[in-house]
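For reference, input_32.pdb is printed below; it contains PDB, C-alpha atoms and all ligand atoms.
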ATOM      1  CA  MET U 375     -10.892 -26.892  -7.349
ATOM      2  CA  PRO U 376     -10.525 -27.181  -3.543
ATOM      3  CA  ASP U 377      -6.977 -25.963  -4.155
ATOM      4  CA  LEU U 378      -8.302 -22.975  -5.968
ATOM      5  CA  ILE U 379     -10.564 -21.965  -3.075
ATOM      6  CA  HIS U 380      -7.724 -22.435  -0.618
ATOM      7  CA  ASN U 381      -5.315 -20.478  -2.822
ATOM      8  CA  LEU U 382      -7.749 -17.627  -3.219
ATOM      9  CA  GLU U 383      -8.136 -17.364   0.523
ATOM     10  CA  ALA U 384      -4.338 -17.460   0.977
ATOM     11  CA  VAL U 385      -3.891 -14.615  -1.522
ATOM     12  CA  ARG U 386      -6.562 -12.559   0.230
ATOM     13  CA  GLN U 387      -4.666 -13.076   3.458
ATOM     14  CA  ARG U 388      -1.372 -12.025   1.886
ATOM     15  CA  ILE U 389      -3.040  -8.819   0.701
ATOM     16  CA  ALA U 390      -4.572  -8.204   4.136
ATOM     17  CA  LEU U 391      -1.248  -8.749   5.893
ATOM     18  CA  ALA U 392       0.624  -6.493   3.497
ATOM     19  CA  ALA U 393      -2.057  -3.837   3.894
ATOM     20  CA  GLN U 394      -1.688  -4.057   7.648
ATOM     21  CA  GLY U 395       2.078  -3.629   7.289
ATOM     22  CA  ALA U 396       1.495  -0.529   5.185
ATOM     23  CA  ALA U 397      -1.210   0.837   7.512
ATOM     24  CA  ARG U 398      -3.653   0.670   4.629
ATOM     25  CA  ASP U 399      -7.280  -0.417   4.550
ATOM     26  CA  PRO U 400      -7.249  -3.839   2.835
ATOM     27  CA  ARG U 401     -10.476  -2.863   1.084
ATOM     28  CA  SER U 402      -8.496  -0.237  -0.841
ATOM     29  CA  ILE U 403      -6.706  -3.052  -2.697
ATOM     30  CA  ALA U 404      -8.663  -4.991  -5.301
ATOM     31  CA  LEU U 405      -7.676  -8.498  -6.281
ATOM     32  CA  LEU U 406      -7.712  -9.178 -10.012
ATOM     33  CA  ALA U 407      -7.665 -12.946 -10.581
ATOM     34  CA  VAL U 408      -5.642 -13.582 -13.752
ATOM     35  CA  SER U 409      -7.351 -16.555 -15.383
ATOM     36  CA  LYS U 410      -5.420 -16.720 -18.690
ATOM     37  CA  THR U 411      -4.897 -20.317 -19.924
ATOM     38  CA  PHE U 412      -7.382 -21.618 -17.317
ATOM     39  CA  PRO U 413     -10.852 -22.860 -18.289
ATOM     40  CA  ALA U 414     -14.152 -21.109 -17.722
ATOM     41  CA  ASP U 415     -14.973 -23.680 -15.028
ATOM     42  CA  ASP U 416     -12.092 -22.406 -12.905
ATOM     43  CA  VAL U 417     -13.401 -18.869 -13.255
ATOM     44  CA  ARG U 418     -16.826 -20.123 -12.213
ATOM     45  CA  ALA U 419     -15.332 -21.807  -9.131
ATOM     46  CA  ALA U 420     -13.498 -18.624  -8.149
ATOM     47  CA  TYR U 421     -16.703 -16.675  -8.718
ATOM     48  CA  ALA U 422     -18.552 -19.055  -6.409
ATOM     49  CA  ALA U 423     -15.894 -18.263  -3.792
ATOM     50  CA  GLY U 424     -16.665 -14.572  -4.085
ATOM     51  CA  GLN U 425     -14.133 -13.416  -6.685
ATOM     52  CA  ARG U 426     -15.603 -10.910  -9.151
ATOM     53  CA  ALA U 427     -12.750  -9.366 -11.201
ATOM     54  CA  PHE U 428     -10.867 -11.479 -13.734
ATOM     55  CA  GLY U 429      -7.905 -10.656 -15.970
ATOM     56  CA  GLU U 430      -7.221 -12.087 -19.418
ATOM     57  CA  ASN U 431      -4.320 -11.690 -21.865
ATOM     58  CA  TYR U 432      -5.355 -13.280 -25.147
ATOM     59  CA  VAL U 433      -8.287 -11.855 -27.077
ATOM     60  CA  GLN U 434      -9.730 -15.036 -28.603
ATOM     61  CA  GLU U 435      -9.382 -17.100 -25.462
ATOM     62  CA  ALA U 436     -10.937 -14.318 -23.409
ATOM     63  CA  ILE U 437     -13.941 -13.807 -25.668
ATOM     64  CA  ALA U 438     -14.678 -17.542 -25.635
ATOM     65  CA  LYS U 439     -14.565 -17.507 -21.833
ATOM     66  CA  ILE U 440     -16.696 -14.385 -21.541
ATOM     67  CA  GLU U 441     -19.281 -16.052 -23.767
ATOM     68  CA  ALA U 442     -19.166 -19.314 -21.792
ATOM     69  CA  LEU U 443     -19.818 -17.272 -18.635
ATOM     70  CA  ALA U 444     -22.467 -15.001 -20.142
ATOM     71  CA  ASP U 445     -24.866 -15.906 -17.321
ATOM     72  CA  LEU U 446     -22.521 -14.168 -14.847
ATOM     73  CA  ARG U 447     -21.718 -11.183 -17.106
ATOM     74  CA  ALA U 448     -23.654  -8.586 -15.120
ATOM     75  CA  SER U 449     -21.708  -9.313 -11.927
ATOM     76  CA  ILE U 450     -18.225 -10.049 -13.328
ATOM     77  CA  GLU U 451     -15.660  -7.416 -14.246
ATOM     78  CA  TRP U 452     -13.464  -8.446 -17.165
ATOM     79  CA  HIS U 453     -10.031  -6.785 -17.390
ATOM     80  CA  PHE U 454      -7.823  -7.053 -20.446
ATOM     81  CA  ILE U 455      -4.176  -7.018 -19.334
ATOM     82  CA  GLY U 456      -2.241  -8.479 -22.282
ATOM     83  CA  PRO U 457      -0.334  -6.900 -25.162
ATOM     84  CA  LEU U 458      -2.876  -5.363 -27.535
ATOM     85  CA  GLN U 459      -2.331  -5.122 -31.281
ATOM     86  CA  SER U 460      -4.268  -2.434 -33.089
ATOM     87  CA  ASN U 461      -6.131  -4.969 -35.269
ATOM     88  CA  LYS U 462      -7.542  -6.633 -32.129
ATOM     89  CA  THR U 463      -8.918  -3.593 -30.314
ATOM     90  CA  ARG U 464     -12.538  -3.949 -31.451
ATOM     91  CA  PRO U 465     -13.485  -7.138 -29.540
ATOM     92  CA  VAL U 466     -11.712  -5.727 -26.491
ATOM     93  CA  ALA U 467     -13.652  -2.447 -26.726
ATOM     94  CA  GLU U 468     -16.872  -4.425 -27.085
ATOM     95  CA  HIS U 469     -16.444  -7.073 -24.375
ATOM     96  CA  PHE U 470     -14.263  -5.751 -21.547
ATOM     97  CA  ASP U 471     -14.802  -3.378 -18.631
ATOM     98  CA  TRP U 472     -11.135  -2.450 -18.223
ATOM     99  CA  VAL U 473      -7.930  -2.423 -20.266
ATOM    100  CA  HIS U 474      -4.717  -2.169 -18.217
ATOM    101  CA  SER U 475      -2.326  -2.508 -21.144
ATOM    102  CA  VAL U 476      -2.836   0.684 -23.139
ATOM    103  CA  ASP U 477       0.742   1.335 -24.177
ATOM    104  CA  ARG U 478       0.346   3.969 -26.899
ATOM    105  CA  LEU U 479      -2.040   6.683 -28.007
ATOM    106  CA  LYS U 480      -3.028   4.854 -31.177
ATOM    107  CA  ILE U 481      -4.485   1.956 -29.155
ATOM    108  CA  ALA U 482      -6.399   4.359 -26.902
ATOM    109  CA  ARG U 483      -7.854   6.187 -29.936
ATOM    110  CA  ARG U 484      -9.045   2.930 -31.480
ATOM    111  CA  LEU U 485     -10.610   1.752 -28.207
ATOM    112  CA  ALA U 486     -12.395   5.112 -27.896
ATOM    113  CA  GLU U 487     -13.704   4.898 -31.473
ATOM    114  CA  GLN U 488     -14.815   1.294 -31.060
ATOM    115  CA  ARG U 489     -16.384   1.430 -27.601
ATOM    116  CA  PRO U 490     -20.109   0.850 -28.175
ATOM    117  CA  ASP U 491     -22.352   3.794 -27.269
ATOM    118  CA  ASN U 492     -24.637   1.642 -25.134
ATOM    119  CA  LEU U 493     -21.814   0.655 -22.754
ATOM    120  CA  PRO U 494     -20.313   2.746 -19.966
ATOM    121  CA  PRO U 495     -16.891   4.300 -20.627
ATOM    122  CA  LEU U 496     -14.078   1.762 -20.872
ATOM    123  CA  ASN U 497     -11.764   2.022 -17.850
ATOM    124  CA  VAL U 498      -8.144   2.189 -18.967
ATOM    125  CA  CYS U 499      -4.684   2.267 -17.450
ATOM    126  CA  LEU U 500      -1.601   3.540 -19.215
ATOM    127  CA  GLN U 501       1.088   0.862 -19.180
ATOM    128  CA  VAL U 502       4.501   2.209 -18.206
ATOM    129  CA  ASN U 503       7.763   0.462 -19.023
ATOM    130  CA  ILE U 504       9.174   1.174 -15.613
ATOM    131  CA  SER U 505      12.448  -0.712 -15.926
ATOM    132  CA  GLY U 506      13.090   0.648 -19.434
ATOM    133  CA  GLU U 507      13.467  -2.855 -20.879
ATOM    134  CA  ALA U 508      13.581  -2.859 -24.677
ATOM    135  CA  SER U 509      11.492  -6.033 -24.774
ATOM    136  CA  LYS U 510       8.627  -4.685 -22.662
ATOM    137  CA  SER U 511       5.715  -2.662 -23.898
ATOM    138  CA  GLY U 512       4.683   0.551 -22.237
ATOM    139  CA  VAL U 513       5.481   4.239 -22.460
ATOM    140  CA  SER U 514       8.680   5.516 -20.901
ATOM    141  CA  ILE U 515       8.504   7.593 -17.719
ATOM    142  CA  PRO U 516       9.407  10.838 -19.543
ATOM    143  CA  GLU U 517       6.685  10.403 -22.177
ATOM    144  CA  ALA U 518       3.956   9.257 -19.753
ATOM    145  CA  ALA U 519       2.535  12.669 -18.793
ATOM    146  CA  GLN U 520       1.902  13.765 -22.376
ATOM    147  CA  VAL U 521       0.315  10.462 -23.413
ATOM    148  CA  ALA U 522      -1.807  10.351 -20.238
ATOM    149  CA  GLN U 523      -3.170  13.855 -20.916
ATOM    150  CA  GLU U 524      -4.117  12.888 -24.463
ATOM    151  CA  ILE U 525      -5.805   9.655 -23.378
ATOM    152  CA  ALA U 526      -7.713  11.476 -20.633
ATOM    153  CA  ALA U 527      -9.196  13.774 -23.291
ATOM    154  CA  LEU U 528     -10.630  10.939 -25.399
ATOM    155  CA  PRO U 529     -14.376  10.220 -25.306
ATOM    156  CA  LYS U 530     -15.772   6.879 -24.097
ATOM    157  CA  LEU U 531     -12.629   6.074 -22.140
ATOM    158  CA  ARG U 532     -11.960   6.784 -18.503
ATOM    159  CA  LEU U 533      -8.273   6.970 -17.686
ATOM    160  CA  ARG U 534      -8.046   5.411 -14.212
ATOM    161  CA  GLY U 535      -4.305   5.204 -13.672
ATOM    162  CA  LEU U 536      -1.085   3.398 -14.418
ATOM    163  CA  MET U 537       0.004  -0.199 -14.850
ATOM    164  CA  ALA U 538       3.451  -1.797 -14.850
ATOM    165  CA  ILE U 539       5.050  -5.222 -15.047
ATOM    166  CA  PRO U 540       8.448  -4.741 -13.385
ATOM    167  CA  GLU U 541      11.330  -7.102 -14.026
ATOM    168  CA  PRO U 542      11.343  -9.972 -11.518
ATOM    169  CA  ALA U 543      13.538  -9.150  -8.516
ATOM    170  CA  GLY U 544      14.593 -11.239  -5.533
ATOM    171  CA  GLY U 545      14.041  -9.477  -2.243
ATOM    172  CA  ILE U 546      11.211  -7.234  -1.210
ATOM    173  CA  ASP U 547      13.441  -4.160  -1.023
ATOM    174  CA  GLU U 548      14.512  -4.589  -4.661
ATOM    175  CA  GLN U 549      10.927  -5.342  -5.639
ATOM    176  CA  ARG U 550       9.737  -2.090  -4.087
ATOM    177  CA  VAL U 551      11.972   0.115  -6.257
ATOM    178  CA  PRO U 552      10.033  -0.043  -9.566
ATOM    179  CA  HIS U 553       6.696  -0.021  -7.740
ATOM    180  CA  ARG U 554       7.793   3.146  -5.947
ATOM    181  CA  GLN U 555       8.789   4.710  -9.282
ATOM    182  CA  LEU U 556       5.345   3.974 -10.686
ATOM    183  CA  ARG U 557       3.681   5.472  -7.616
ATOM    184  CA  GLU U 558       5.819   8.605  -7.832
ATOM    185  CA  LEU U 559       4.880   9.021 -11.486
ATOM    186  CA  PHE U 560       1.226   8.505 -10.509
ATOM    187  CA  GLU U 561       1.536  11.250  -7.872
ATOM    188  CA  ARG U 562       3.090  13.659 -10.387
ATOM    189  CA  LEU U 563       0.260  13.057 -12.854
ATOM    190  CA  CYS U 564      -2.322  13.642 -10.116
ATOM    191  CA  ALA U 565      -0.548  16.850  -9.119
ATOM    192  CA  ASP U 566      -0.750  17.910 -12.786
ATOM    193  CA  GLY U 567      -4.535  17.686 -12.552
ATOM    194  CA  LEU U 568      -5.368  14.196 -13.817
ATOM    195  CA  GLU U 569      -8.010  12.472 -11.711
ATOM    196  CA  LEU U 570      -6.525   9.008 -11.277
ATOM    197  CA  ASP U 571      -7.369   6.380  -8.677
ATOM    198  CA  THR U 572      -5.665   3.210  -9.883
ATOM    199  CA  LEU U 573      -2.186   1.787  -9.529
ATOM    200  CA  SER U 574      -2.233  -1.651 -11.151
ATOM    201  CA  MET U 575       0.903  -3.387  -9.961
ATOM    202  CA  GLY U 576       1.987  -6.510  -8.121
ATOM    203  CA  MET U 577       1.666 -10.160  -9.195
ATOM    204  CA  SER U 578       2.019 -13.542  -7.462
ATOM    205  CA  SER U 579       5.667 -13.058  -6.561
ATOM    206  CA  ASP U 580       5.731  -9.377  -5.593
ATOM    207  CA  LEU U 581       2.283  -8.356  -4.418
ATOM    208  CA  GLU U 582       3.507  -7.436  -0.912
ATOM    209  CA  ALA U 583       6.041  -4.963  -2.340
ATOM    210  CA  ALA U 584       3.346  -3.490  -4.568
ATOM    211  CA  VAL U 585       0.877  -3.088  -1.703
ATOM    212  CA  LEU U 586       3.551  -1.409   0.415
ATOM    213  CA  GLU U 587       4.072   1.080  -2.432
ATOM    214  CA  GLY U 588       0.406   1.859  -2.925
ATOM    215  CA  ALA U 589      -1.033  -0.665  -5.393
ATOM    216  CA  THR U 590      -4.813  -0.433  -5.680
ATOM    217  CA  ILE U 591      -5.162  -3.473  -7.969
ATOM    218  CA  VAL U 592      -2.901  -6.519  -7.727
ATOM    219  CA  ARG U 593      -3.028  -8.947 -10.666
ATOM    220  CA  VAL U 594      -2.557 -12.496  -9.428
ATOM    221  CA  GLY U 595      -2.587 -15.633 -11.568
ATOM    222  CA  THR U 596      -0.251 -18.447 -10.500
ATOM    223  CA  ALA U 597      -0.872 -18.093  -6.755
ATOM    224  CA  ILE U 598      -4.607 -18.612  -7.361
ATOM    225  CA  PHE U 599      -4.931 -20.958 -10.336
ATOM    226  CA  GLY U 600      -1.565 -22.740 -10.247
ATOM    227  CA  ALA U 601       1.232 -22.922 -12.827
ATOM    228  CA  ARG U 602       0.244 -22.171 -16.414
ATOM    229  CA  ASP U 603       0.637 -24.746 -19.167
ATOM    230  CA  TYR U 604       1.241 -23.111 -22.539
ATOM    231  CA  SER U 605       1.717 -26.360 -24.444
ATOM    232  CA  ASN U 606      -1.723 -26.324 -26.055
TER     233      ASN U 606
HETATM  234  C1  LIG U 701       0.048 -13.322 -16.368
HETATM  235  C2  LIG U 701       0.015 -11.926 -15.838
HETATM  236  C3  LIG U 701      -0.146 -11.672 -14.469
HETATM  237  C4  LIG U 701      -0.208 -12.761 -13.411
HETATM  238  O1  LIG U 701       1.066 -13.227 -13.171
HETATM  239  P1  LIG U 701       1.337 -14.325 -12.009
HETATM  240  O2  LIG U 701       2.799 -14.251 -11.833
HETATM  241  O3  LIG U 701       0.875 -15.623 -12.554
HETATM  242  O4  LIG U 701       0.584 -13.895 -10.823
HETATM  243  C5  LIG U 701      -0.239 -10.356 -14.052
HETATM  244  N1  LIG U 701      -0.154  -9.331 -14.927
HETATM  245  C6  LIG U 701       0.009  -9.529 -16.246
HETATM  246  C7  LIG U 701       0.096  -8.372 -17.153
HETATM  247  C8  LIG U 701       0.121 -10.831 -16.740
HETATM  248  O5  LIG U 701       0.312 -11.010 -18.049
END

Output the file's structure in the form of structure tokens.
Ligand SMILES: *Cc1c(COP(=O)(O)O)cnc(C)c1O
Amino acid sequence: MPDLIHNLEAVRQRIALAAQGAARDPRSIALLAVSKTFPADDVRAAYAAGQRAFGENYVQEAIAKIEALADLRASIEWHFIGPLQSNKTRPVAEHFDWVHSVDRLKIARRLAEQRPDNLPPLNVCLQVNISGEASKSGVSIPEAAQVAQEIAALPKLRLRGLMAIPEPAGGIDEQRVPHRQLRELFERLCADGLELDTLSMGMSSDLEAAVLEGATIVRVGTAIFGARDYSN
């Protein structure tokens, strides 16, 4: 746990330094702490250190954690960032504040249908397969504008922006390329009239590149909570 507090502070400093390098206000970059595979107690410790937004990838694990932390629910933001199958949209629509991984219209329609009326609109990002990898989910750059317009028209959802998980790259210059492509797409969609404010990009190994290219949410797991163990 002391590690966790120290790590969180180190990540905040990385964001602040990168923001300074980009002449950006560090407060314009939100830190999403990706707590997948880590227990509710770790989330509680990060919360005690001031962290409020948490990202989860697996529906069952996330719901169990959200329930274990029900006492903090009103002041935590839960973000779903993992691959989403259409038969799992309902618990996500019911329990989360954000979904970053909307990768097709069908998923957005189901989330809109299943979002409870007593909750505020679900914040969503359209996931873009920026490197065009066959194995990655996300819409392609050419199809993004059409899908974004259709999602923006759905009730009970608020399309906030775009999300991407670029292929790992070595140096910061290479890392900036896909982040720049996502930002340029974001700017085209805004110019087309969509009111977007969110670029969800950058993880433990490339958050500086993402901040330099305009990220407004960086999603950081390993650098805060440590290496993940998938064995259980
Ligand atoms: C796991 C995950 C992260 C965090 O990755 P780290 O490299 O551990 O920082 C960010 N975004 C998504 C979509 C993830 O699945």

Since I can't run it myself right now, could you work out what the PyMOL selection byres (((chain U and resi 561) around 12) and not hetatm) selects here and report it as a ChimeraX atom specification? /U:519,535-536,554-560,562-573,587-588

Please determine an axis-aligned box that encloses all atoms of range 394-404 of chain U listed in the file, with 8 Å added on each side, and express its centre and edge lengths in Å to one decimal as JSON.
{"center_x": -4.2, "center_y": -2.1, "center_z": 1.2, "size_x": 28.6, "size_y": 21.8, "size_z": 28.9}

Using all atoms listed in the file, determine which residues fall within 9 Å of ligand LIG 701 (chain U), then list them as a ChimeraX atom specification. /U:406-410,429-431,454-457,474-475,537-539,574-581,592-602

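CA of Ser449 in chain U is positioned 6.9 Å from CA of Arg426 in chain U.
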
Name all residues at most 10 Å from Pro413 in chain U (count all atoms listed in the file; drop same-chain ones fewer than 4 positions away) and give them as an MDAnalysis selection string. chainID U and resid 409 417:418 435:436 438:439 442

How far is it from CA of Leu528 in chain U to CA of Gln488 in chain U, in Å with one decimal? 11.9 Å

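One finds CA of Glu507 in chain U at 25.4 Å from CA of Asp603 in chain U.
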